[in-house]
>>> print(open('data05.pdb').read())   # PDB, C-alpha atoms and all ligand atoms
ATOM      1  CA  MET C  23      99.379 136.732  97.589  1.00  0.00           C
ATOM      2  CA  SER C  24      95.957 135.209  98.163  1.00  0.00           C
ATOM      3  CA  GLU C  25      94.635 131.734  97.445  1.00  0.00           C
ATOM      4  CA  SER C  26      92.884 133.233  94.415  1.00  0.00           C
ATOM      5  CA  THR C  27      96.295 133.796  92.789  1.00  0.00           C
ATOM      6  CA  THR C  28      96.379 131.685  89.677  1.00  0.00           C
ATOM      7  CA  PHE C  29      99.396 129.698  88.553  1.00  0.00           C
ATOM      8  CA  PRO C  30      99.986 128.154  85.112  1.00  0.00           C
ATOM      9  CA  SER C  31      98.597 124.708  84.376  1.00  0.00           C
ATOM     10  CA  PHE C  32     100.513 122.029  82.464  1.00  0.00           C
ATOM     11  CA  LEU C  33      99.934 119.061  80.145  1.00  0.00           C
ATOM     12  CA  ASP C  34      96.916 120.680  78.480  1.00  0.00           C
ATOM     13  CA  GLY C  35      95.354 121.483  81.829  1.00  0.00           C
ATOM     14  CA  ARG C  36      95.730 117.983  83.297  1.00  0.00           C
ATOM     15  CA  VAL C  37      98.136 119.363  85.927  1.00  0.00           C
ATOM     16  CA  VAL C  38      96.908 122.272  88.040  1.00  0.00           C
ATOM     17  CA  VAL C  39      99.126 124.229  90.456  1.00  0.00           C
ATOM     18  CA  LYS C  40      97.397 125.931  93.379  1.00  0.00           C
ATOM     19  CA  MET C  41      97.880 127.191  96.897  1.00  0.00           C
ATOM     20  CA  GLY C  42      95.837 126.008  99.825  1.00  0.00           C
ATOM     21  CA  ASP C  43      95.110 123.336 102.401  1.00  0.00           C
ATOM     22  CA  ILE C  44      95.039 119.950 100.664  1.00  0.00           C
ATOM     23  CA  THR C  45      92.494 118.617 103.204  1.00  0.00           C
ATOM     24  CA  GLN C  46      89.863 120.843 101.565  1.00  0.00           C
ATOM     25  CA  GLU C  47      90.308 119.445  98.072  1.00  0.00           C
ATOM     26  CA  ALA C  48      87.207 117.716  96.685  1.00  0.00           C
ATOM     27  CA  VAL C  49      89.035 115.119  94.589  1.00  0.00           C
ATOM     28  CA  ASP C  50      88.956 111.333  94.280  1.00  0.00           C
ATOM     29  CA  ALA C  51      92.146 111.104  96.346  1.00  0.00           C
ATOM     30  CA  VAL C  52      94.479 113.350  98.292  1.00  0.00           C
ATOM     31  CA  VAL C  53      98.021 112.098  98.713  1.00  0.00           C
ATOM     32  CA  ASN C  54      99.478 112.132 102.218  1.00  0.00           C
ATOM     33  CA  ALA C  55     103.192 112.699 102.879  1.00  0.00           C
ATOM     34  CA  ALA C  56     103.245 110.026 105.568  1.00  0.00           C
ATOM     35  CA  ASN C  57     105.976 108.243 107.457  1.00  0.00           C
ATOM     36  CA  GLY C  58     106.582 104.517 107.441  1.00  0.00           C
ATOM     37  CA  THR C  59     104.564 103.867 110.589  1.00  0.00           C
ATOM     38  CA  LEU C  60     101.365 105.113 108.864  1.00  0.00           C
ATOM     39  CA  LEU C  61     100.246 106.175 112.330  1.00  0.00           C
ATOM     40  CA  GLY C  62     100.243 109.934 111.737  1.00  0.00           C
ATOM     41  CA  GLY C  63     102.667 112.741 112.385  1.00  0.00           C
ATOM     42  CA  GLY C  64     102.996 116.466 111.870  1.00  0.00           C
ATOM     43  CA  GLY C  65     102.784 118.553 108.703  1.00  0.00           C
ATOM     44  CA  VAL C  66     100.343 117.450 106.041  1.00  0.00           C
ATOM     45  CA  ASP C  67     100.116 114.001 107.708  1.00  0.00           C
ATOM     46  CA  GLY C  68      98.779 115.593 110.878  1.00  0.00           C
ATOM     47  CA  ALA C  69      96.428 117.853 108.932  1.00  0.00           C
ATOM     48  CA  ILE C  70      94.945 114.924 106.976  1.00  0.00           C
ATOM     49  CA  HIS C  71      94.384 112.782 110.065  1.00  0.00           C
ATOM     50  CA  ARG C  72      92.856 115.727 111.939  1.00  0.00           C
ATOM     51  CA  ALA C  73      90.541 116.653 109.067  1.00  0.00           C
ATOM     52  CA  GLY C  74      89.632 113.101 108.080  1.00  0.00           C
ATOM     53  CA  GLY C  75      89.139 111.724 111.564  1.00  0.00           C
ATOM     54  CA  PRO C  76      89.777 108.321 113.156  1.00  0.00           C
ATOM     55  CA  ALA C  77      88.514 106.218 110.236  1.00  0.00           C
ATOM     56  CA  ILE C  78      91.771 106.933 108.389  1.00  0.00           C
ATOM     57  CA  LEU C  79      93.974 105.787 111.264  1.00  0.00           C
ATOM     58  CA  GLU C  80      91.810 102.714 111.717  1.00  0.00           C
ATOM     59  CA  GLU C  81      92.449 101.646 108.123  1.00  0.00           C
ATOM     60  CA  CYS C  82      96.139 102.496 108.436  1.00  0.00           C
ATOM     61  CA  ARG C  83      96.417 100.302 111.518  1.00  0.00           C
ATOM     62  CA  ASN C  84      94.755  97.466 109.596  1.00  0.00           C
ATOM     63  CA  ILE C  85      97.214  97.892 106.724  1.00  0.00           C
ATOM     64  CA  ARG C  86     100.107  97.731 109.190  1.00  0.00           C
ATOM     65  CA  ALA C  87      98.665  94.608 110.830  1.00  0.00           C
ATOM     66  CA  THR C  88      98.164  92.780 107.541  1.00  0.00           C
ATOM     67  CA  ARG C  89     100.277  93.961 104.598  1.00  0.00           C
ATOM     68  CA  TYR C  90     103.066  96.045 106.135  1.00  0.00           C
ATOM     69  CA  PRO C  91     103.875  94.776 109.647  1.00  0.00           C
ATOM     70  CA  ASP C  92     107.317  96.412 109.442  1.00  0.00           C
ATOM     71  CA  GLY C  93     105.950  99.708 108.099  1.00  0.00           C
ATOM     72  CA  LEU C  94     105.485 101.148 104.603  1.00  0.00           C
ATOM     73  CA  PRO C  95     108.843 101.427 102.815  1.00  0.00           C
ATOM     74  CA  THR C  96     110.046 104.715 101.354  1.00  0.00           C
ATOM     75  CA  GLY C  97     108.471 105.187  97.925  1.00  0.00           C
ATOM     76  CA  GLY C  98     105.591 102.867  98.733  1.00  0.00           C
ATOM     77  CA  ALA C  99     101.911 103.910  98.655  1.00  0.00           C
ATOM     78  CA  VAL C 100      98.641 102.586 100.092  1.00  0.00           C
ATOM     79  CA  LEU C 101      94.956 103.599  99.780  1.00  0.00           C
ATOM     80  CA  THR C 102      92.522 104.344 102.592  1.00  0.00           C
ATOM     81  CA  THR C 103      89.275 106.210 103.125  1.00  0.00           C
ATOM     82  CA  ALA C 104      89.422 110.000 103.468  1.00  0.00           C
ATOM     83  CA  GLY C 105      86.953 109.901 106.364  1.00  0.00           C
ATOM     84  CA  ARG C 106      85.291 113.286 106.886  1.00  0.00           C
ATOM     85  CA  MET C 107      87.303 115.145 104.242  1.00  0.00           C
ATOM     86  CA  PRO C 108      85.656 116.206 100.929  1.00  0.00           C
ATOM     87  CA  ALA C 109      87.993 113.805  99.105  1.00  0.00           C
ATOM     88  CA  ARG C 110      86.954 110.165  98.753  1.00  0.00           C
ATOM     89  CA  HIS C 111      90.303 108.532  99.472  1.00  0.00           C
ATOM     90  CA  VAL C 112      93.767 109.158 100.873  1.00  0.00           C
ATOM     91  CA  ILE C 113      96.835 107.684  99.189  1.00  0.00           C
ATOM     92  CA  HIS C 114      99.554 107.518 101.845  1.00  0.00           C
ATOM     93  CA  THR C 115     103.116 107.535 100.541  1.00  0.00           C
ATOM     94  CA  VAL C 116     106.473 107.780 102.304  1.00  0.00           C
ATOM     95  CA  GLY C 117     108.951 110.239 100.835  1.00  0.00           C
ATOM     96  CA  PRO C 118     112.741 110.072 101.225  1.00  0.00           C
ATOM     97  CA  VAL C 119     114.464 111.991 103.995  1.00  0.00           C
ATOM     98  CA  TYR C 120     116.778 114.287 102.057  1.00  0.00           C
ATOM     99  CA  GLY C 121     119.667 114.309 104.508  1.00  0.00           C
ATOM    100  CA  SER C 122     119.792 110.570 105.154  1.00  0.00           C
ATOM    101  CA  GLY C 123     122.098 108.124 103.370  1.00  0.00           C
ATOM    102  CA  GLY C 124     120.708 105.227 101.411  1.00  0.00           C
ATOM    103  CA  PRO C 125     119.323 104.923  97.900  1.00  0.00           C
ATOM    104  CA  ASP C 126     119.018 107.690  95.344  1.00  0.00           C
ATOM    105  CA  LYS C 127     116.756 110.353  96.856  1.00  0.00           C
ATOM    106  CA  ALA C 128     115.436 111.544  93.497  1.00  0.00           C
ATOM    107  CA  GLU C 129     114.479 108.020  92.462  1.00  0.00           C
ATOM    108  CA  MET C 130     112.727 107.399  95.767  1.00  0.00           C
ATOM    109  CA  LEU C 131     110.803 110.669  95.452  1.00  0.00           C
ATOM    110  CA  ALA C 132     109.815 109.791  91.883  1.00  0.00           C
ATOM    111  CA  GLN C 133     108.595 106.413  93.166  1.00  0.00           C
ATOM    112  CA  CYS C 134     106.217 108.200  95.535  1.00  0.00           C
ATOM    113  CA  TYR C 135     104.529 109.989  92.639  1.00  0.00           C
ATOM    114  CA  ARG C 136     104.592 106.961  90.325  1.00  0.00           C
ATOM    115  CA  ASN C 137     103.223 104.544  92.907  1.00  0.00           C
ATOM    116  CA  SER C 138     100.564 106.986  94.122  1.00  0.00           C
ATOM    117  CA  LEU C 139      99.321 107.466  90.561  1.00  0.00           C
ATOM    118  CA  SER C 140      99.477 103.708  89.902  1.00  0.00           C
ATOM    119  CA  ILE C 141      97.184 103.164  92.884  1.00  0.00           C
ATOM    120  CA  ALA C 142      94.843 105.865  91.561  1.00  0.00           C
ATOM    121  CA  VAL C 143      94.703 104.154  88.160  1.00  0.00           C
ATOM    122  CA  GLU C 144      94.103 100.716  89.710  1.00  0.00           C
ATOM    123  CA  ALA C 145      91.278 102.135  91.839  1.00  0.00           C
ATOM    124  CA  GLY C 146      89.730 104.016  88.915  1.00  0.00           C
ATOM    125  CA  LEU C 147      90.370 107.439  90.474  1.00  0.00           C
ATOM    126  CA  ALA C 148      90.399 110.332  87.994  1.00  0.00           C
ATOM    127  CA  THR C 149      91.393 113.325  90.146  1.00  0.00           C
ATOM    128  CA  VAL C 150      94.337 113.329  92.570  1.00  0.00           C
ATOM    129  CA  ALA C 151      95.795 116.115  94.722  1.00  0.00           C
ATOM    130  CA  PHE C 152      99.447 116.004  95.831  1.00  0.00           C
ATOM    131  CA  PRO C 153     101.269 118.000  98.489  1.00  0.00           C
ATOM    132  CA  ALA C 154     104.963 118.697  97.884  1.00  0.00           C
ATOM    133  CA  ILE C 155     106.163 115.361  99.244  1.00  0.00           C
ATOM    134  CA  SER C 156     109.359 115.399 101.360  1.00  0.00           C
ATOM    135  CA  THR C 157     109.828 119.184 101.092  1.00  0.00           C
ATOM    136  CA  GLY C 158     108.856 119.909 104.692  1.00  0.00           C
ATOM    137  CA  ILE C 159     110.115 117.929 107.675  1.00  0.00           C
ATOM    138  CA  TYR C 160     112.024 115.589 105.344  1.00  0.00           C
ATOM    139  CA  GLY C 161     114.056 118.506 104.022  1.00  0.00           C
ATOM    140  CA  TYR C 162     113.946 117.960 100.256  1.00  0.00           C
ATOM    141  CA  PRO C 163     114.753 121.296  98.544  1.00  0.00           C
ATOM    142  CA  MET C 164     111.655 122.513  96.679  1.00  0.00           C
ATOM    143  CA  ASP C 165     113.550 123.352  93.501  1.00  0.00           C
ATOM    144  CA  GLU C 166     115.085 119.892  93.237  1.00  0.00           C
ATOM    145  CA  ALA C 167     111.776 118.243  94.161  1.00  0.00           C
ATOM    146  CA  ALA C 168     109.975 120.232  91.442  1.00  0.00           C
ATOM    147  CA  ALA C 169     112.118 118.740  88.678  1.00  0.00           C
ATOM    148  CA  VAL C 170     111.696 115.199  90.023  1.00  0.00           C
ATOM    149  CA  SER C 171     107.946 115.359  90.702  1.00  0.00           C
ATOM    150  CA  SER C 172     107.025 117.066  87.415  1.00  0.00           C
ATOM    151  CA  GLN C 173     108.974 114.510  85.363  1.00  0.00           C
ATOM    152  CA  ALA C 174     107.405 111.571  87.238  1.00  0.00           C
ATOM    153  CA  ILE C 175     103.895 113.024  86.951  1.00  0.00           C
ATOM    154  CA  GLN C 176     104.319 113.742  83.236  1.00  0.00           C
ATOM    155  CA  ASP C 177     105.527 110.201  82.548  1.00  0.00           C
ATOM    156  CA  ALA C 178     102.630 108.705  84.529  1.00  0.00           C
ATOM    157  CA  LEU C 179      99.969 110.900  82.918  1.00  0.00           C
ATOM    158  CA  ARG C 180     101.299 110.187  79.428  1.00  0.00           C
ATOM    159  CA  SER C 181     100.812 106.445  80.087  1.00  0.00           C
ATOM    160  CA  ASN C 182      97.494 106.715  81.942  1.00  0.00           C
ATOM    161  CA  PRO C 183      94.805 108.797  80.221  1.00  0.00           C
ATOM    162  CA  SER C 184      92.317 107.667  82.905  1.00  0.00           C
ATOM    163  CA  VAL C 185      93.860 110.205  85.305  1.00  0.00           C
ATOM    164  CA  GLU C 186      92.069 113.383  84.269  1.00  0.00           C
ATOM    165  CA  GLU C 187      93.532 115.898  86.720  1.00  0.00           C
ATOM    166  CA  VAL C 188      96.454 116.154  89.099  1.00  0.00           C
ATOM    167  CA  ARG C 189      96.364 119.103  91.484  1.00  0.00           C
ATOM    168  CA  LEU C 190      99.655 120.191  93.054  1.00  0.00           C
ATOM    169  CA  VAL C 191      98.626 121.953  96.253  1.00  0.00           C
ATOM    170  CA  PHE C 192     101.186 124.187  97.959  1.00  0.00           C
ATOM    171  CA  PHE C 193     100.733 125.468 101.477  1.00  0.00           C
ATOM    172  CA  LEU C 194     103.003 128.483 101.020  1.00  0.00           C
ATOM    173  CA  PRO C 195     102.890 130.911  98.072  1.00  0.00           C
ATOM    174  CA  GLN C 196     106.640 130.934  97.659  1.00  0.00           C
ATOM    175  CA  ASP C 197     106.625 127.135  97.316  1.00  0.00           C
ATOM    176  CA  ALA C 198     104.194 127.297  94.396  1.00  0.00           C
ATOM    177  CA  GLU C 199     106.394 129.929  92.752  1.00  0.00           C
ATOM    178  CA  VAL C 200     109.554 127.859  93.198  1.00  0.00           C
ATOM    179  CA  PHE C 201     107.750 124.835  91.756  1.00  0.00           C
ATOM    180  CA  VAL C 202     106.629 126.741  88.656  1.00  0.00           C
ATOM    181  CA  ARG C 203     110.163 128.040  88.096  1.00  0.00           C
ATOM    182  CA  HIS C 204     111.787 124.592  88.355  1.00  0.00           C
ATOM    183  CA  GLN C 205     109.179 122.193  86.878  1.00  0.00           C
ATOM    184  CA  VAL C 206     110.222 120.348  83.733  1.00  0.00           C
ATOM    185  CA  PHE C 207     106.843 119.669  82.097  1.00  0.00           C
ATOM    186  CA  ASP C 208     107.031 119.730  78.290  1.00  0.00           C
ATOM    187  CA  ALA C 209     105.879 123.112  77.010  1.00  0.00           C
ATOM    188  CA  GLU C 210     103.526 121.571  74.433  1.00  0.00           C
ATOM    189  CA  ASP C 211     101.889 118.274  75.274  1.00  0.00           C
ATOM    190  CA  ASN C 212     101.696 116.576  71.869  1.00  0.00           C
TER     191      ASN C 212
HETATM  192  N1  LIG T   1      98.108 121.272 102.662  1.00  0.00           N
HETATM  193  C1  LIG T   1      99.049 121.273 101.677  1.00  0.00           C
HETATM  194  N2  LIG T   1     100.374 121.212 101.913  1.00  0.00           N
HETATM  195  C2  LIG T   1     100.768 121.183 103.206  1.00  0.00           C
HETATM  196  C3  LIG T   1      99.862 121.172 104.295  1.00  0.00           C
HETATM  197  C4  LIG T   1      98.471 121.233 103.973  1.00  0.00           C
HETATM  198  N3  LIG T   1      97.528 121.232 104.920  1.00  0.00           N
HETATM  199  N4  LIG T   1     100.580 121.116 105.449  1.00  0.00           N
HETATM  200  C5  LIG T   1     101.877 121.103 105.091  1.00  0.00           C
HETATM  201  N5  LIG T   1     102.008 121.154 103.755  1.00  0.00           N
HETATM  202  C6  LIG T   1     103.212 121.152 102.931  1.00  0.00           C
HETATM  203  C7  LIG T   1     104.475 121.639 103.593  1.00  0.00           C
HETATM  204  O1  LIG T   1     104.562 123.059 103.530  1.00  0.00           O
HETATM  205  C8  LIG T   1     105.535 120.967 102.712  1.00  0.00           C
HETATM  206  O2  LIG T   1     105.794 121.769 101.579  1.00  0.00           O
HETATM  207  O3  LIG T   1     103.466 119.796 102.592  1.00  0.00           O
HETATM  208  C9  LIG T   1     104.849 119.665 102.244  1.00  0.00           C
HETATM  209  C10 LIG T   1     105.379 118.395 102.909  1.00  0.00           C
HETATM  210  O4  LIG T   1     105.736 118.701 104.245  1.00  0.00           O
HETATM  211  P1  LIG T   1     105.540 117.655 105.459  1.00  0.00           P
HETATM  212  O5  LIG T   1     104.101 117.554 105.774  1.00  0.00           O
HETATM  213  O6  LIG T   1     106.496 118.075 106.519  1.00  0.00           O
HETATM  214  O7  LIG T   1     105.977 116.241 104.842  1.00  0.00           O
HETATM  215  P2  LIG T   1     107.430 115.651 104.546  1.00  0.00           P
HETATM  216  O8  LIG T   1     108.430 116.710 104.318  1.00  0.00           O
HETATM  217  O9  LIG T   1     107.180 114.623 103.475  1.00  0.00           O
HETATM  218  O10 LIG T   1     107.813 114.920 105.911  1.00  0.00           O
HETATM  219  C11 LIG T   1     107.086 113.759 106.262  1.00  0.00           C
HETATM  220  O11 LIG T   1     106.498 114.688 108.365  1.00  0.00           O
HETATM  221  O12 LIG T   1     104.394 115.000 109.138  1.00  0.00           O
HETATM  222  C12 LIG T   1     105.456 114.151 109.187  1.00  0.00           C
HETATM  223  O13 LIG T   1     104.473 112.012 109.556  1.00  0.00           O
HETATM  224  C13 LIG T   1     105.141 112.814 108.601  1.00  0.00           C
HETATM  225  O14 LIG T   1     107.155 111.865 109.397  1.00  0.00           O
HETATM  226  C14 LIG T   1     106.508 112.337 108.245  1.00  0.00           C
HETATM  227  C15 LIG T   1     107.197 113.607 107.760  1.00  0.00           C
END
>>> encode(input="data05.pdb", output="structure tokens")
Amino acid sequence: MSESTTFPSFLDGRVVVKMGDITQEAVDAVVNAANGTLLGGGGVDGAIHRAGGPAILEECRNIRATRYPDGLPTGGAVLTTAGRMPARHVIHTVGPVYGSGGPDKAEMLAQCYRNSLSIAVEAGLATVAFPAISTGIYGYPMDEAAAVSSQAIQDALRSNPSVEEVRLVFFLPQDAEVFVRHQVFDAEDN
């Protein structure tokens, strides 16, 4: 399967599913699956910091020094520059670790999508690209995550017409296929 493979769109085209490297997306904001330190990591976090360059980490360090001295809580989201990437901004959010104890994993994952889109609305951003938050190192099963993320995105888009497009960018073809099979978007967006 190549990147040119097309997947269905949802909510009258406001949600686009695609394969690729999220750091290449020319959108108002790409969402980063960060950790609470906001100081980088592996996976998509590492890719975003590598592609965007030091300006991103500089702003993250400032956010830690001022607003979140103890780190960004799970479900939280913050906005920074996207540095050298085609996108204008990065929205960093911290997904739940699937295997850990603590609060309801699905609710925390939904918070990541809700809070990221709230930040986009507040900042007047119309196009946002998401990776599959928590489905890599944090171990959230893609099928379960698909139901949670699609419901949260649908609710947010229904309440916020200013968000014109959400791109769901999957690194692996099988992940995009699993998402499409398990998403719960309404068939007809009335
Ligand atoms: N573009 C799009 N998606 C990507 C990319 C990329 N360049 N790189 C990885 N992914 C996908 C993975 O295949 C996975 O489906 O992003 C999804 C999220 O995986 P992770 O990046 O591992 O994020 P997560 O599971 O939320 O774990 C977060 O990993 O990188 C560290 O610092 C991060 O500690 C945090 C943890």
>>> resolve_selection(input="data05.pdb", expression="the PyMOL selection byres (((chain C and resi 172) around 10) and not hetatm)", output="PyMOL selection string")
chain C and resi 32+37+132+135+167-171+173-178+190+201-202+204-208
>>> resolve_selection(input="data05.pdb", expression="the PyMOL selection byres (((chain C and resi 69-79) around 10) and not hetatm)", output="ChimeraX atom specification")
/C:43-46,52-56,60-68,80-85,101-109,111-112
>>> residues_around(input="data05.pdb", residues="Leu94 in chain C", least_positions_apart="4", cutoff="8 Å", atoms="only C-alpha atoms", output="PyMOL selection string")
chain C and resi 57-60+86+90+98-99+115-116
>>> resolve_selection(input="data05.pdb", expression="the PyMOL selection byres (((chain C and resi 118) around 10) and not hetatm)", output="ChimeraX atom specification")
/C:57,95-97,115-117,119-134,155-157,160-162
>>> axis_aligned_box(input="data05.pdb", around="ligand LIG 1 (chain T)", padding_each_side="8 Å", output="AutoDock Vina command-line options")
--center_x 103.0 --center_y 117.5 --center_z 105.6 --size_x 26.9 --size_y 27.2 --size_z 24.0
>>> residues_around(input="data05.pdb", residues="Glu186 in chain C", least_positions_apart="5", cutoff="10 Å", atoms="all atoms listed in the file", output="NGL selection string")
:C and (35-37 or 147-150 or 179)
>>> decode(input="data05.pdb", residues="range 96-112 of chain C", atoms="N, CA, C and O atoms", output="compact mmCIF listing (two decimals), in the first residue's frame")
# COMPACT_ATOMS: atom_id res chain seq x y z
N THR C 96 -1.62 14.34 32.10
CA THR C 96 -2.26 13.52 31.07
C THR C 96 -3.59 14.17 30.65
O THR C 96 -4.36 14.62 31.49
N GLY C 97 -3.79 14.25 29.33
CA GLY C 97 -5.02 14.88 28.83
C GLY C 97 -4.86 16.36 28.55
O GLY C 97 -5.67 16.95 27.83
N GLY C 98 -3.80 16.96 29.11
CA GLY C 98 -3.60 18.39 28.91
C GLY C 98 -3.01 18.66 27.53
O GLY C 98 -2.55 17.74 26.84
N ALA C 99 -3.02 19.93 27.12
CA ALA C 99 -2.49 20.32 25.80
C ALA C 99 -1.97 21.75 25.86
O ALA C 99 -2.53 22.60 26.57
N VAL C 100 -0.87 21.98 25.14
CA VAL C 100 -0.27 23.33 25.07
C VAL C 100 0.18 23.60 23.63
O VAL C 100 0.43 22.67 22.86
N LEU C 101 0.28 24.90 23.28
CA LEU C 101 0.61 25.33 21.92
C LEU C 101 2.02 25.88 21.84
O LEU C 101 2.43 26.66 22.72
N THR C 102 2.76 25.47 20.82
CA THR C 102 4.06 26.11 20.57
C THR C 102 4.21 26.35 19.06
O THR C 102 3.36 25.94 18.26
N THR C 103 5.32 26.97 18.69
CA THR C 103 5.69 27.07 17.29
C THR C 103 5.95 25.69 16.72
O THR C 103 6.16 24.72 17.46
N ALA C 104 5.92 25.59 15.38
CA ALA C 104 6.29 24.34 14.71
C ALA C 104 7.71 24.43 14.14
O ALA C 104 8.18 23.53 13.44
N GLY C 105 8.37 25.55 14.41
CA GLY C 105 9.77 25.70 13.98
C GLY C 105 9.90 25.55 12.46
O GLY C 105 9.18 26.22 11.71
N ARG C 106 10.73 24.65 12.03
CA ARG C 106 11.04 24.50 10.59
C ARG C 106 10.02 23.67 9.83
O ARG C 106 10.11 23.51 8.62
N MET C 107 9.06 23.09 10.52
CA MET C 107 8.09 22.23 9.82
C MET C 107 7.14 23.08 8.96
O MET C 107 6.97 24.28 9.22
N PRO C 108 6.49 22.49 7.96
CA PRO C 108 5.51 23.23 7.14
C PRO C 108 4.32 23.74 7.97
O PRO C 108 3.74 24.76 7.66
N ALA C 109 3.99 23.03 9.02
CA ALA C 109 2.88 23.48 9.89
C ALA C 109 3.27 24.78 10.60
O ALA C 109 4.45 25.12 10.71
N ARG C 110 2.26 25.49 11.09
CA ARG C 110 2.55 26.76 11.80
C ARG C 110 2.78 26.53 13.28
O ARG C 110 3.55 27.25 13.93
N HIS C 111 2.03 25.57 13.84
CA HIS C 111 2.10 25.35 15.29
C HIS C 111 2.18 23.86 15.61
O HIS C 111 1.84 23.02 14.76
N VAL C 112 2.59 23.58 16.84
CA VAL C 112 2.47 22.22 17.40
C VAL C 112 1.57 22.33 18.64
O VAL C 112 1.73 23.26 19.44
